[in-house]
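Colleague: My structure is in final25.cif, and what it holds is mmCIF, C-alpha atoms and all ligand atoms:
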data_input
#
loop_
_atom_site.group_PDB
_atom_site.id
_atom_site.type_symbol
_atom_site.label_atom_id
_atom_site.label_comp_id
_atom_site.auth_asym_id
_atom_site.auth_seq_id
_atom_site.Cartn_x
_atom_site.Cartn_y
_atom_site.Cartn_z
ATOM 1 C CA MET A 1025 0.000 0.000 0.000
ATOM 2 C CA VAL A 1026 1.814 3.071 -1.232
ATOM 3 C CA ARG A 1027 -0.688 5.692 -0.256
ATOM 4 C CA ARG A 1028 -4.042 5.878 1.483
ATOM 5 C CA ARG A 1029 -6.306 8.833 0.841
ATOM 6 C CA GLY A 1030 -8.182 10.326 3.742
ATOM 7 C CA ILE A 1031 -7.593 10.425 7.468
ATOM 8 C CA TYR A 1032 -7.129 7.365 9.649
ATOM 9 C CA GLU A 1033 -6.914 6.159 13.190
ATOM 10 C CA VAL A 1034 -4.128 3.630 13.355
ATOM 11 C CA HIS A 1035 -3.314 0.678 15.624
ATOM 12 C CA ILE A 1036 0.173 -0.838 15.662
ATOM 13 C CA ILE A 1037 0.793 -4.134 17.470
ATOM 14 C CA GLY A 1038 -2.681 -3.556 18.937
ATOM 15 C CA LYS A 1039 -1.813 -0.160 20.452
ATOM 16 C CA PRO A 1040 -3.435 3.074 19.258
ATOM 17 C CA LEU A 1041 -1.044 5.457 17.507
ATOM 18 C CA VAL A 1042 -0.949 8.776 19.367
ATOM 19 C CA CYS A 1043 0.971 11.887 18.284
ATOM 20 C CA LEU A 1044 3.999 12.454 20.540
ATOM 21 C CA PHE A 1045 3.537 16.228 20.377
ATOM 22 C CA CYS A 1046 -0.190 16.898 20.638
ATOM 23 C CA GLN A 1047 -1.725 13.518 21.590
ATOM 24 C CA GLY A 1048 -3.739 13.615 18.350
ATOM 25 C CA LYS A 1049 -5.066 10.286 17.079
ATOM 26 C CA LYS A 1050 -5.815 11.119 13.441
ATOM 27 C CA PHE A 1051 -3.202 10.698 10.750
ATOM 28 C CA THR A 1052 -2.642 10.801 7.023
ATOM 29 C CA HIS A 1053 -0.586 7.970 5.553
ATOM 30 C CA ARG A 1054 2.145 7.670 2.970
ATOM 31 C CA GLU A 1055 4.721 5.013 2.213
ATOM 32 C CA VAL A 1056 8.254 6.442 2.056
ATOM 33 C CA TYR A 1057 11.637 5.084 0.999
ATOM 34 C CA VAL A 1058 14.901 5.969 2.689
ATOM 35 C CA LYS A 1059 18.374 5.312 1.356
ATOM 36 C CA VAL A 1060 20.881 3.713 3.708
ATOM 37 C CA VAL A 1061 24.596 4.582 3.842
ATOM 38 C CA ASN A 1062 26.724 1.536 3.237
ATOM 39 C CA HIS A 1063 29.995 1.097 5.122
ATOM 40 C CA GLU A 1064 30.757 -2.347 3.734
ATOM 41 C CA PRO A 1065 32.234 -2.382 0.237
ATOM 42 C CA GLY A 1066 30.679 -4.597 -2.396
ATOM 43 C CA VAL A 1067 27.340 -4.908 -0.618
ATOM 44 C CA GLN A 1068 24.228 -3.810 -2.473
ATOM 45 C CA LYS A 1069 22.671 -0.473 -1.544
ATOM 46 C CA LYS A 1070 19.840 -0.922 0.872
ATOM 47 C CA LYS A 1071 16.593 0.990 0.958
ATOM 48 C CA LEU A 1072 14.179 1.123 3.877
ATOM 49 C CA THR A 1073 10.460 1.014 3.136
ATOM 50 C CA LEU A 1074 8.596 2.830 5.906
ATOM 51 C CA GLN A 1075 5.006 3.747 6.661
ATOM 52 C CA SER A 1076 4.836 7.460 7.417
ATOM 53 C CA PHE A 1077 1.994 8.877 9.523
ATOM 54 C CA THR A 1078 1.503 12.638 9.693
ATOM 55 C CA CYS A 1079 -0.589 13.951 12.579
ATOM 56 C CA ALA A 1080 -3.686 15.602 11.084
ATOM 57 C CA ASN A 1081 -3.660 18.152 13.924
ATOM 58 C CA CYS A 1082 -0.039 19.339 14.228
ATOM 59 C CA GLY A 1083 1.894 17.792 11.333
ATOM 60 C CA GLN A 1084 4.313 15.732 13.438
ATOM 61 C CA GLU A 1085 5.523 12.755 11.414
ATOM 62 C CA LEU A 1086 5.871 9.266 12.880
ATOM 63 C CA LYS A 1087 7.410 6.437 10.876
ATOM 64 C CA PHE A 1088 7.123 2.674 11.270
ATOM 65 C CA GLU A 1089 8.499 -0.349 9.495
ATOM 66 C CA GLU A 1090 5.599 -2.694 8.833
ATOM 67 C CA ARG A 1091 5.837 -6.285 10.076
ATOM 68 C CA LYS A 1092 3.651 -9.202 9.028
ATOM 69 C CA GLN A 1093 2.700 -12.194 11.106
ATOM 70 C CA SER A 1094 1.299 -15.085 9.051
ATOM 71 C CA GLY A 1095 0.388 -12.652 6.293
ATOM 72 C CA VAL A 1096 -1.397 -10.168 8.602
ATOM 73 C CA SER A 1097 0.078 -6.699 9.014
ATOM 74 C CA ASP A 1098 0.733 -5.416 12.530
ATOM 75 C CA ILE A 1099 -0.577 -2.032 11.344
ATOM 76 C CA GLN A 1100 -4.398 -1.646 11.282
ATOM 77 C CA TYR A 1101 -6.145 1.342 9.697
ATOM 78 C CA VAL A 1102 -9.633 2.698 10.371
ATOM 79 C CA GLN A 1103 -10.663 5.506 8.024
ATOM 80 C CA VAL A 1104 -12.364 8.345 9.951
ATOM 81 C CA SER A 1105 -12.786 10.915 7.158
ATOM 82 C CA ASP A 1106 -12.036 11.603 3.504
ATOM 83 C CA MET B 314 32.188 4.442 21.778
ATOM 84 C CA VAL B 315 31.692 3.870 18.077
ATOM 85 C CA ASP B 316 32.304 5.880 14.924
ATOM 86 C CA TYR B 317 29.138 4.595 13.381
ATOM 87 C CA PHE B 318 26.434 2.121 14.237
ATOM 88 C CA GLU B 319 26.405 -1.294 12.639
ATOM 89 C CA ALA B 320 23.057 -2.362 11.209
ATOM 90 C CA GLU B 321 22.587 -5.211 13.681
ATOM 91 C CA GLU B 322 20.093 -5.830 16.473
ATOM 92 C CA SER B 323 21.403 -3.822 19.396
ATOM 93 C CA ARG B 324 20.829 -1.516 22.317
ATOM 94 C CA LEU B 325 21.847 2.070 21.573
ATOM 95 C CA PHE B 326 23.176 4.817 23.808
ATOM 96 C CA ILE B 327 23.609 8.529 23.218
ATOM 97 C CA PHE B 328 25.986 10.063 25.782
ATOM 98 C CA ASP B 329 25.365 6.881 27.835
ATOM 99 C CA LYS B 330 21.597 7.426 27.864
ATOM 100 C CA PRO B 331 19.802 4.332 26.519
ATOM 101 C CA LEU B 332 17.500 4.831 23.564
ATOM 102 C CA ILE B 333 13.959 3.623 24.400
ATOM 103 C CA CYS B 334 11.103 3.181 21.929
ATOM 104 C CA HIS B 335 8.676 6.117 22.324
ATOM 105 C CA PHE B 336 5.804 3.918 21.254
ATOM 106 C CA CYS B 337 6.197 0.685 23.218
ATOM 107 C CA SER B 338 9.119 1.337 25.632
ATOM 108 C CA HIS B 339 11.229 -1.614 24.472
ATOM 109 C CA ASP B 340 14.881 -1.047 23.652
ATOM 110 C CA VAL B 341 16.203 -3.361 20.911
ATOM 111 C CA PHE B 342 16.823 -1.522 17.637
ATOM 112 C CA ILE B 343 18.487 -1.984 14.287
ATOM 113 C CA PRO B 344 20.215 1.317 13.431
ATOM 114 C CA TYR B 345 20.645 2.501 9.867
ATOM 115 C CA GLU B 346 22.772 5.411 8.732
ATOM 116 C CA THR B 347 20.668 7.251 6.191
ATOM 117 C CA TYR B 348 20.738 10.232 3.914
ATOM 118 C CA GLN B 349 17.723 12.147 2.760
ATOM 119 C CA ASP B 350 17.972 14.817 0.094
ATOM 120 C CA VAL B 351 21.586 15.500 0.959
ATOM 121 C CA GLU B 352 24.832 14.421 -0.574
ATOM 122 C CA LYS B 353 26.191 11.124 0.593
ATOM 123 C CA PRO B 354 28.270 11.829 3.711
ATOM 124 C CA GLY B 355 31.901 12.126 2.769
ATOM 125 C CA ILE B 356 34.741 14.526 2.682
ATOM 126 C CA GLN B 357 33.630 18.053 3.600
ATOM 127 C CA VAL B 358 30.035 16.961 4.074
ATOM 128 C CA ILE B 359 29.463 16.882 7.790
ATOM 129 C CA PHE B 360 26.084 15.294 8.086
ATOM 130 C CA VAL B 361 25.273 12.101 9.907
ATOM 131 C CA HIS B 362 21.740 10.960 10.335
ATOM 132 C CA TYR B 363 20.403 7.767 11.812
ATOM 133 C CA MET B 364 17.138 5.929 11.698
ATOM 134 C CA ALA B 365 16.869 3.186 14.296
ATOM 135 C CA ILE B 366 13.987 0.778 13.874
ATOM 136 C CA TYR B 367 12.616 -0.766 17.011
ATOM 137 C CA GLN B 368 12.319 -4.519 16.489
ATOM 138 C CA GLN B 369 9.021 -5.105 18.270
ATOM 139 C CA CYS B 370 6.662 -2.470 16.876
ATOM 140 C CA GLY B 371 8.676 -1.128 13.922
ATOM 141 C CA PHE B 372 8.797 2.440 15.281
ATOM 142 C CA VAL B 373 11.509 4.600 13.704
ATOM 143 C CA VAL B 374 13.613 6.876 15.906
ATOM 144 C CA GLU B 375 15.668 9.520 14.101
ATOM 145 C CA PHE B 376 18.728 11.174 15.530
ATOM 146 C CA GLY B 377 22.096 12.670 14.627
ATOM 147 C CA ASP B 378 25.627 12.264 15.928
ATOM 148 C CA ALA B 379 26.230 14.748 18.743
ATOM 149 C CA SER B 380 29.910 13.772 19.146
ATOM 150 C CA ARG B 381 32.156 16.812 19.434
ATOM 151 C CA PHE B 382 35.493 18.105 20.545
ATOM 152 C CA ASP B 383 35.312 19.527 24.067
ATOM 153 C CA ALA B 384 37.837 22.380 23.879
ATOM 154 C CA GLU B 385 37.651 23.119 27.610
ATOM 155 C CA ARG B 386 38.716 19.654 28.652
ATOM 156 C CA ASN B 387 40.672 19.002 25.448
ATOM 157 C CA VAL B 388 38.961 15.661 24.832
ATOM 158 C CA TYR B 389 36.770 14.350 22.101
ATOM 159 C CA ARG B 390 33.335 13.399 23.450
ATOM 160 C CA TRP B 391 31.785 10.464 21.601
ATOM 161 C CA ALA B 392 28.007 10.465 21.660
ATOM 162 C CA LEU B 393 27.225 7.108 20.115
ATOM 163 C CA ASN B 394 27.495 3.742 21.765
ATOM 164 C CA GLN B 395 26.116 0.408 20.639
ATOM 165 C CA LYS B 396 25.832 -2.950 22.361
ATOM 166 C CA LEU B 397 25.156 -5.749 19.900
ATOM 167 C CA ILE B 398 22.587 -8.336 20.995
ATOM 168 C CA HIS B 399 24.351 -11.089 19.073
ATOM 169 C CA GLU B 400 28.092 -10.577 19.346
ATOM 170 C CA ARG B 401 29.766 -11.669 16.176
ATOM 171 C CA PRO B 402 32.466 -14.290 16.681
ATOM 172 C CA VAL B 403 35.990 -12.948 16.168
ATOM 173 C CA ALA B 404 39.168 -14.959 15.882
ATOM 174 C CA GLU B 405 40.456 -15.546 19.388
ATOM 175 C CA GLY B 406 43.336 -13.353 20.445
ATOM 176 C CA SER B 407 43.347 -11.468 17.152
ATOM 177 C CA LEU B 408 41.999 -8.213 18.548
ATOM 178 C CA PRO B 409 43.861 -6.214 21.152
ATOM 179 C CA MET B 410 41.651 -4.615 23.777
ATOM 180 C CA LEU B 411 41.830 -0.837 23.677
ATOM 181 C CA THR B 412 40.991 1.005 26.854
ATOM 182 C CA GLU B 413 39.363 4.417 26.783
ATOM 183 C CA GLU B 414 42.747 5.876 27.816
ATOM 184 C CA ASP B 415 44.369 4.173 24.821
ATOM 185 C CA LYS B 416 41.804 5.695 22.501
ATOM 186 C CA GLN B 417 42.151 9.183 23.974
ATOM 187 C CA ALA B 418 45.934 8.941 23.647
ATOM 188 C CA GLN B 419 45.587 7.719 20.061
ATOM 189 C CA LYS B 420 43.298 10.639 19.279
ATOM 190 C CA LYS B 421 45.890 13.097 20.586
ATOM 191 C CA CYS B 422 48.468 11.412 18.341
ATOM 192 C CA ILE B 423 46.075 11.585 15.366
ATOM 193 C CA TYR B 424 45.595 15.308 15.948
ATOM 194 C CA ALA B 425 49.345 15.922 16.267
ATOM 195 C CA ALA B 426 50.040 13.845 13.141
ATOM 196 C CA LEU B 427 47.419 15.815 11.203
ATOM 197 C CA GLN B 428 48.923 19.133 12.329
ATOM 198 C CA LEU B 429 52.320 17.949 11.117
ATOM 199 C CA LEU B 430 50.931 16.907 7.728
ATOM 200 C CA VAL B 431 48.974 20.164 7.384
ATOM 201 C CA TYR B 432 52.066 22.195 8.333
ATOM 202 C CA HIS B 433 54.013 20.486 5.571
ATOM 203 C CA LYS B 434 51.083 20.999 3.196
ATOM 204 C CA LYS B 435 50.752 17.263 2.623
ATOM 205 C CA VAL B 436 47.041 17.401 3.363
ATOM 206 C CA SER B 437 44.331 20.050 3.423
ATOM 207 C CA GLU B 438 43.383 21.881 6.615
ATOM 208 C CA ASN B 439 39.929 20.387 6.181
ATOM 209 C CA LEU B 440 41.244 17.222 7.781
ATOM 210 C CA LEU B 441 41.468 19.039 11.126
ATOM 211 C CA THR B 442 37.789 19.916 10.798
ATOM 212 C CA MET B 443 37.019 16.323 9.864
ATOM 213 C CA PHE B 444 38.904 15.150 12.947
ATOM 214 C CA GLN B 445 36.865 17.467 15.115
ATOM 215 C CA ALA B 446 33.721 16.048 13.533
ATOM 216 C CA GLY B 447 34.893 12.543 14.409
ATOM 217 C CA GLN B 448 35.229 11.460 10.771
ATOM 218 C CA LEU B 449 38.126 9.103 11.301
ATOM 219 C CA LEU B 450 37.037 6.781 8.507
ATOM 220 C CA ASP B 451 36.930 9.666 6.042
ATOM 221 C CA ILE B 452 40.398 10.760 7.167
ATOM 222 C CA ALA B 453 41.744 7.238 6.617
ATOM 223 C CA LYS B 454 40.121 7.248 3.178
ATOM 224 C CA VAL B 455 42.062 10.353 2.168
ATOM 225 C CA PHE B 456 45.176 8.150 2.257
ATOM 226 C CA ASP B 457 43.541 4.929 1.113
ATOM 227 C CA ALA B 458 40.389 5.573 -0.894
ATOM 228 C CA SER B 459 39.012 2.063 -0.700
ATOM 229 C CA TYR B 460 39.761 1.672 2.986
ATOM 230 C CA GLU B 461 37.038 0.357 5.320
ATOM 231 C CA TRP B 462 37.180 -0.444 9.035
ATOM 232 C CA HIS B 463 37.296 -4.071 9.893
ATOM 233 C CA TYR B 464 36.381 -3.463 13.496
ATOM 234 C CA SER B 465 34.955 -0.108 14.460
ATOM 235 C CA HIS B 466 36.359 -0.278 18.004
ATOM 236 C CA MET B 467 39.828 -0.259 16.401
ATOM 237 C CA ALA B 468 39.019 2.898 14.446
ATOM 238 C CA THR B 469 41.364 5.277 16.284
ATOM 239 C CA GLN B 470 44.295 2.881 16.015
ATOM 240 C CA GLU B 471 43.759 2.142 12.333
ATOM 241 C CA CYS B 472 43.415 5.848 11.511
ATOM 242 C CA LEU B 473 46.614 6.621 13.431
ATOM 243 C CA VAL B 474 48.490 3.893 11.551
ATOM 244 C CA LYS B 475 47.433 5.443 8.221
ATOM 245 C CA LEU B 476 48.757 8.836 9.313
ATOM 246 C CA LEU B 477 52.065 7.463 10.587
ATOM 247 C CA VAL B 478 52.610 5.607 7.309
ATOM 248 C CA GLU B 479 51.905 8.865 5.451
ATOM 249 C CA ILE B 480 54.424 10.725 7.618
ATOM 250 C CA ARG B 481 57.032 8.020 7.019
ATOM 251 C CA ASN B 482 56.447 8.189 3.260
ATOM 252 C CA SER B 483 56.457 11.994 3.171
ATOM 253 C CA ASN B 484 60.178 12.468 3.870
ATOM 254 C CA PHE B 485 59.812 15.952 5.340
ATOM 255 C CA VAL B 486 63.588 16.410 5.631
ATOM 256 C CA HIS B 487 65.077 16.788 2.170
ATOM 257 C CA LYS B 488 68.426 15.313 1.412
ATOM 258 C CA ASP B 489 69.813 18.588 0.052
ATOM 259 C CA GLN B 490 69.229 20.274 3.422
ATOM 260 C CA PHE B 491 72.195 18.294 4.729
ATOM 261 C CA ASP B 492 74.543 19.378 1.934
HETATM 262 ZN ZN ZN C 1201 0.114 16.020 16.625
HETATM 263 ZN ZN ZN C 1202 8.225 0.183 20.024
#
Would you kindly transcribe this structure into structure tokens?
Ligand SMILES: [Zn+2]
Ligand SMILES: [Zn+2]

Modeller:
Amino acid sequence: MVRRRGIYEVHIIGKPLVCLFCQGKKFTHREVYVKVVNHEPGVQKKKLTLQSFTCANCGQELKFEERKQSGVSDIQYVQVSD
Amino acid sequence: MVDYFEAEESRLFIFDKPLICHFCSHDVFIPYETYQDVEKPGIQVIFVHYMAIYQQCGFVVEFGDASRFDAERNVYRWALNQKLIHERPVAEGSLPMLTEEDKQAQKKCIYAALQLLVYHKKVSENLLTMFQAGQLLDIAKVFDASYEWHYSHMATQECLVKLLVEIRNSNFVHKDQFD
């Protein structure tokens, strides 16, 4: 899932995602890619794929790496508005 | 004390303060050195940025390297420390143990060696800035472009060796000065 439109409440490993700055619970979502510096020669460049959540109230960004357990993501989304 | 974090499961410390997940309070991370919309860190680019991913919930903590030279106490203060969860096996007896005193002494020697090389215009003054930014690997690479650390805890010693070899090869005293 590269991008979800709308605003979501999010649970990660069963815990509600809460903004660290303003305690907001509503977020927009976007998948982002981050390049990693490589100190070992001859090893392929690595890229992190992260799920980025931006607080709909204050703009603070929180990022998570998604994990799957038997095919089920540990990140659950509930859409609360468009 | 490390020059950079290895991307292995570990506990991380910044100025001896353990890094704890803001989301779930656990403390085992895999750190990645990253660059975002900047040049790749290298010579004259003083920018280090880390993303550590907590291994339980996937939360990403972002931070920089706050290591710096403390001019008042004349010591270099390393900010980053890493304790690997799974220590990698190393050949027995192959690695000398360096104490913190050893490393501080080696850093003083590195600084003196750099001043000597700068004075004789063998290297650019930028290397002194790089030293103050803790970029020992980049300094070693000035003399050996493809050089990589084998063991990061040996970084100060390996960097010093590079500089001493350079001084030996530089022949500051010219033969004709004796004539
Ligand atoms: Zn917020
Ligand atoms: Zn966590």

Colleague: Could you work out how far atom CA of B:Lys475 lies from atom CA of B:Asp451, giving the answer in Å with one decimal?

Modeller: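 It comes out at 11.5 Å.
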
Colleague: Within 12 Å of (-5.5, 3.1, 5.3) (file coordinates; only C-alpha atoms), which protein or nucleic acid residues are there? I'd like them as a list in words.

Modeller: Met1025, Val1026, Arg1027, Arg1028, Arg1029, Gly1030, Ile1031, Tyr1032, Glu1033, Val1034, His1035, Lys1050, Phe1051, Thr1052, His1053, Arg1054, Glu1055, Gln1075, Ser1076, Phe1077, Ser1097, Ile1099, Gln1100, Tyr1101, Val1102, Gln1103, Val1104, Ser1105 and Asp1106 of chain A

Colleague: Show me, as a VMD selection string, the residues that have an atom within 9 Å of stretch 322-325 of chain B when counting all atoms listed in the file, minus same-chain residues fewer than 4 positions from it.

Modeller: chain B and resid 318 329 to 333 340 to 344 365 368 393 to 399

Colleague: So that I can see what lies close to B:Tyr424, please list as a PyMOL selection string the residues with an atom at most 12 Å from it, counting all atoms listed in the file and leaving out residues fewer than 2 positions away in the same chain.

Modeller: chain B and resi 382+387-389+417-422+426-431+438+440-445+447+449+452+469+472-473+476-477

Colleague: Show me which residues sit within 7 Å of ligand ZN 1201 (chain C) when counting all atoms listed in the file, and put them as a PyMOL selection string.

Modeller: chain A and resi 1043-1048+1079-1084

Colleague: Quick one: which chain A residues come within 8 Å of chain B, and what is the nearest atom pair for each with the distance in Å to one decimal, counting only C-alpha atoms, rows ordered by chain and ascending number, as CSV?

Modeller:
residue,atom,partner,partner_atom,distance
A:Ile1036,CA,B:Cys370,CA,6.8
A:Ile1037,CA,B:Cys370,CA,6.1
A:Leu1041,CA,B:Phe336,CA,8.0
A:Val1058,CA,B:Gln349,CA,6.8
A:Lys1059,CA,B:Thr347,CA,5.7
A:Val1060,CA,B:Thr347,CA,4.3
A:Val1061,CA,B:Glu346,CA,5.3
A:Asn1062,CA,B:Glu346,CA,7.8
A:His1063,CA,B:Glu461,CA,7.1
A:Glu1064,CA,B:Glu461,CA,7.0
A:Pro1065,CA,B:Glu461,CA,7.5
A:Leu1086,CA,B:Val373,CA,7.4
A:Lys1087,CA,B:Val373,CA,5.3
A:Phe1088,CA,B:Phe372,CA,4.4
A:Glu1089,CA,B:Gly371,CA,4.5
A:Glu1090,CA,B:Gly371,CA,6.1
A:Arg1091,CA,B:Gly371,CA,7.0
A:Asp1098,CA,B:Cys370,CA,7.9

Colleague: How far is it from atom CA of A:Pro1040 to atom ZN of ligand ZN 1202 (chain C), in Å with one decimal?

Modeller: 12.0 Å

Colleague: Out of B:Glu385, B:Cys334, B:Met467, B:Asp316, which residue has the shortest atom-to-atom distance to ligand ZN 1202 (chain C) when counting all atoms listed in the file?

Modeller: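 Looking at the shortest contact to ligand ZN 1202 (chain C), the residue is B:Cys334.
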
Colleague: Which is closer to B:Phe456 than all the others in B:Met410, B:Val436, B:Ala425, B:Ala392, using only C-alpha atoms?

Modeller: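 Checking each candidate against B:Phe456, we get B:Val436 as the closest.
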
Colleague: State, in Å with one decimal place, the distance from atom CA of B:Lys434 to atom CA of B:Phe485.

Modeller: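 These two atoms are separated by 10.3 Å.
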
Colleague: Taking into account only C-alpha atoms and all ligand atoms, which residue in the set B:Glu479, B:Phe328, B:His339, B:Glu321 is nearest to ligand ZN 1202 (chain C)?

Modeller: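 Of B:Glu479, B:Phe328, B:His339, B:Glu321, the one nearest ligand ZN 1202 (chain C), counting only C-alpha atoms and all ligand atoms, is B:His339.
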
Colleague: Please return, as a PyMOL selection string, all polymer residues that have at least one atom within 8 Å of the point (14.7, 3.9, 0.9); use all atoms listed in the file and the file's own coordinate frame.

Modeller: chain A and resi 1056-1060+1070-1074

Colleague: Using all atoms listed in the file for the distances, tell me which of B:Val474, B:Ile480, B:His433, B:Ser338 is nearest to ligand ZN 1202 (chain C).

Modeller: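 Using all atoms listed in the file, ligand ZN 1202 (chain C) sits closest to B:Ser338.
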